[in-house]
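**Student:** Got a structure here, written out as structure tokens. Questions coming.
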Amino acid sequence: MIMSVLATQSLTKQFGSFTALKDVSIDVREGEVYGFIGPNGAGKSTTIRILLGALKASGGRAEIFGKDVWQEAVEIHKRLAYVPGDVHLWPNLTGGEVIDLFGRMRGSYNQKRKDELMELFSFDPSKKCRTYSKGNRQKVALISAFSSEADLFILDEPTSGLDPLMERVFQECVAQEKAQGKSILLSSHILSEVERLCDRVGIIREGEMIETGTLEELRHLTRTNLTVKTKEPLTGLTGLKGVHDVREEDGTVHLQVDGEELELVMKHISGYGIVKLESAPPTLEDLFMRHYEGGGAER
Ligand SMILES: Nc1ncnc2c1ncn2[C@@H]1O[C@H](COP(=O)(O)OP(=O)(O)OP(=O)(O)O)[C@@H](O)[C@H]1O
Ligand SMILES: [Mg+2]
């Protein structure tokens, strides 16, 4: 656990007889963006609430900066910034006042960075919070977080409510924090967000981690999509190991190939004289869908 900024080991959480988390182990290393992804109700926020010391785990361990999240929450929070997906603010304060209040509560915050961020997020700090839209409330939390001098950012679906332009600003902010060696736990079910930003990804489903690794590692578990046209009619594909979903359309063959069988399949195809070959990399989306459909049992 020593090298990690944040680590959980076999974390469990029961709500009465309902098991919301079962043996959840994740770790976020220094300078890393860790994508915590899973469908609705998978247990992302429950895990995060435990990490924040807002909810007591039923079992297992969770540490941030080497400190126990429940026992030493106050110490941990001095170096931690958190953004929820659904931001609640004091209705009678303006956005600017709330940002300043958050900053003072934390003790350390960068005034210059705050002004930059307000500009980047096109945020008007002069309105009362009760009048802000969901996206604007989100911006208050994001500006507060990124103008803090936290070492760890815990972001629970932080961009729900942001438009695509603002989403991009958010991504730049994350990249900048990372470049400064900060660590980020980013929960999401937006796969494109995770794919672009994260060094490693953990996939949670029904309270269990079903996959962890770098995007490269996870991609090996997925299939490459091939489109081929050959001089001779291409036969014998369906009998090959690792070949899936073979379809023919106007003399062009579409197929999916498991990463580890790609070389043999290519050898087979090249024997027929390749005229055209297109290969599409497996997307995280494909991987995710396979887990959704197959219950993760296909591995
Ligand atoms: N206080 C609670 N009491 C009982 N059940 C709860 C409580 N909090 C969460 N749960 C249940 O635990 C499971 C995990 O919920 P959680 O909010 O962690 O999911 P999530 O991955 O954050 O989902 P989403 O993407 O929708 O935010 C859900 O089935 C939820 O209903
Ligand atoms: Mg949630």
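Going through the structure tokens in order, the chains are called A, B, and so on, while each chain numbers its residues from 1 and the ligands are numbered from 1 in the order shown.
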Given only C-alpha atoms and all ligand atoms, how would the per-residue table for chain A near ligand 1 read, listing every residue at most 10 Å away with its closest atom pair and distance in Å to one decimal, sorted by chain and number, as CSV?
**Tutor:**
residue,atom,partner,partner_atom_place_in_ligand_line,distance
A:Lys13,CA,ligand 1,12 (O),8.6
A:Gln14,CA,ligand 1,5 (N),8.2
A:Phe15,CA,ligand 1,4 (C),4.9
A:Gly16,CA,ligand 1,4 (C),7.4
A:Ser17,CA,ligand 1,4 (C),9.4
A:Phe18,CA,ligand 1,5 (N),7.1
A:Thr19,CA,ligand 1,12 (O),7.5
A:Ala20,CA,ligand 1,12 (O),4.5
A:Leu21,CA,ligand 1,14 (C),7.5
A:Phe36,CA,ligand 1,21 (O),9.2
A:Ile37,CA,ligand 1,21 (O),8.0
A:Gly38,CA,ligand 1,21 (O),6.1
A:Pro39,CA,ligand 1,25 (O),5.4
A:Asn40,CA,ligand 1,25 (O),3.4
A:Gly41,CA,ligand 1,19 (O),3.3
A:Ala42,CA,ligand 1,21 (O),3.7
A:Gly43,CA,ligand 1,18 (O),3.1
A:Lys44,CA,ligand 1,21 (O),3.7
A:Ser45,CA,ligand 1,22 (O),3.6
A:Thr46,CA,ligand 1,18 (O),3.6
A:Thr47,CA,ligand 1,18 (O),6.3
A:Ile48,CA,ligand 1,18 (O),7.8
A:Arg49,CA,ligand 1,18 (O),8.3
A:Ile50,CA,ligand 1,18 (O),9.9
A:Leu55,CA,ligand 1,1 (N),8.9
A:Pro84,CA,ligand 1,27 (O),9.7
A:Gly85,CA,ligand 1,27 (O),7.9
A:Asp86,CA,ligand 1,27 (O),9.6
A:Asp156,CA,ligand 1,22 (O),7.8
A:Glu157,CA,ligand 1,27 (O),7.5
A:Ser187,CA,ligand 1,22 (O),8.3
A:Ser188,CA,ligand 1,25 (O),7.3
A:His189,CA,ligand 1,25 (O),6.8
A:Ile204,CA,ligand 1,21 (O),7.8
A:Arg205,CA,ligand 1,21 (O),8.0
A:Glu206,CA,ligand 1,14 (C),7.4
A:Gly207,CA,ligand 1,14 (C),6.9
**Student:** Residues of range 230-290 of chain A classed as strand (DSSP E or B) by DSSP on the backbone are to be reported as a PDB file with C-alpha atoms, in the first residue's frame.
**Tutor:**
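Done, and the output landed in states-v6.pdb:
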ATOM      1  CA  THR A 230      -9.008 -10.637 -51.281  1.00  0.00           C
ATOM      2  CA  VAL A 243     -12.480 -15.398 -35.159  1.00  0.00           C
ATOM      3  CA  HIS A 244     -15.960 -14.010 -34.526  1.00  0.00           C
ATOM      4  CA  ASP A 245     -18.914 -12.535 -36.389  1.00  0.00           C
ATOM      5  CA  VAL A 246     -17.794 -13.235 -39.954  1.00  0.00           C
ATOM      6  CA  ARG A 247     -20.011 -11.440 -42.472  1.00  0.00           C
ATOM      7  CA  GLU A 248     -19.679 -11.050 -46.201  1.00  0.00           C
ATOM      8  CA  GLU A 249     -21.004  -8.090 -48.143  1.00  0.00           C
ATOM      9  CA  THR A 252     -15.831  -7.728 -48.719  1.00  0.00           C
ATOM     10  CA  VAL A 253     -15.490  -9.731 -45.520  1.00  0.00           C
ATOM     11  CA  HIS A 254     -16.038  -8.234 -42.075  1.00  0.00           C
ATOM     12  CA  LEU A 255     -14.828 -10.076 -39.004  1.00  0.00           C
ATOM     13  CA  GLN A 256     -13.693  -9.654 -35.413  1.00  0.00           C
ATOM     14  CA  VAL A 257     -10.490 -11.229 -34.149  1.00  0.00           C
ATOM     15  CA  ASP A 258      -9.296 -11.796 -30.587  1.00  0.00           C
ATOM     16  CA  ILE A 274      -5.076  -9.061 -49.905  1.00  0.00           C
ATOM     17  CA  VAL A 275      -6.544  -6.283 -52.080  1.00  0.00           C
ATOM     18  CA  LYS A 276      -7.909  -4.128 -49.276  1.00  0.00           C
ATOM     19  CA  LEU A 277      -7.497  -4.291 -45.524  1.00  0.00           C
ATOM     20  CA  GLU A 278      -8.964  -2.043 -42.867  1.00  0.00           C
ATOM     21  CA  SER A 279      -8.495  -2.551 -39.186  1.00  0.00           C
ATOM     22  CA  ALA A 280     -10.344  -0.700 -36.464  1.00  0.00           C
TER      23      ALA A 280
END
**Student:** Can you tell me which residues surround Thr214 in chain A at a distance of at most 9 Å, considering only C-alpha atoms, apart from same-chain residues fewer than 2 positions away, and format the answer as a PyMOL selection string?
**Tutor:** chain A and resi 198-202+212+216-219
**Student:** So which bits of range 83-288 of chain A end up helix (DSSP H, G or I) when you DSSP the backbone, as a ChimeraX atom specification?
**Tutor:** /A:95-106,111-120,129-131,134-147,164-179,191-197,215-220,259-270,284-288
**Student:** Using only C-alpha atoms and all ligand atoms, which of the listed residues (A:Met105, A:Ala175, A:Leu186, A:Met209) sits closest to ligand 2?
**Tutor:** A:Leu186
**Student:** Need to verify the contact set: Phe146 in chain A, 12 Å, only C-alpha atoms, exclusion of same-chain residues closer than 4 positions in sequence. Can you return it as a ChimeraX atom specification?
**Tutor:** /A:80-83,99,102-103,108-118,120-121,139-142,150-155,169-178,182,184
**Student:** Of the candidates A:Pro281, A:Gly66, A:Pro125, A:Pro158, which one gets nearest to ligand 2 if we count only C-alpha atoms and all ligand atoms?
**Tutor:**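 Using only C-alpha atoms and all ligand atoms, ligand 2 sits closest to A:Pro158.
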**Student:** Nearest to ligand 2 among A:Ala73, A:Phe65, A:Gly242, A:Ser160, with distances taken over only C-alpha atoms and all ligand atoms: which residue is it?
**Tutor:**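 Ranking A:Ala73, A:Phe65, A:Gly242, A:Ser160 by distance to ligand 2, first place goes to A:Ser160.
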**Student:** For Asp68 in chain A, work out the shell of residues within 12 Å, counting only C-alpha atoms and skipping chain neighbours fewer than 6 positions away, then give it as a list in words.
**Tutor:**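 With the cut-off at 12 Å, the set is Met1, Val5, Leu6, Ala7, Thr8, Gln9, Ile50, Leu51, Leu52, Gly53, Lys56, Ala57, Gly60, Arg61, Ala62, Val74, Glu75, Ile76 and His77 of chain A.
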**Student:** If I take CA of Leu237 in chain A and CA of Leu215 in chain A, how far is one from the other in Å, to one decimal?
**Tutor:**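 For CA of Leu237 in chain A relative to CA of Leu215 in chain A, the distance reads 28.4 Å.
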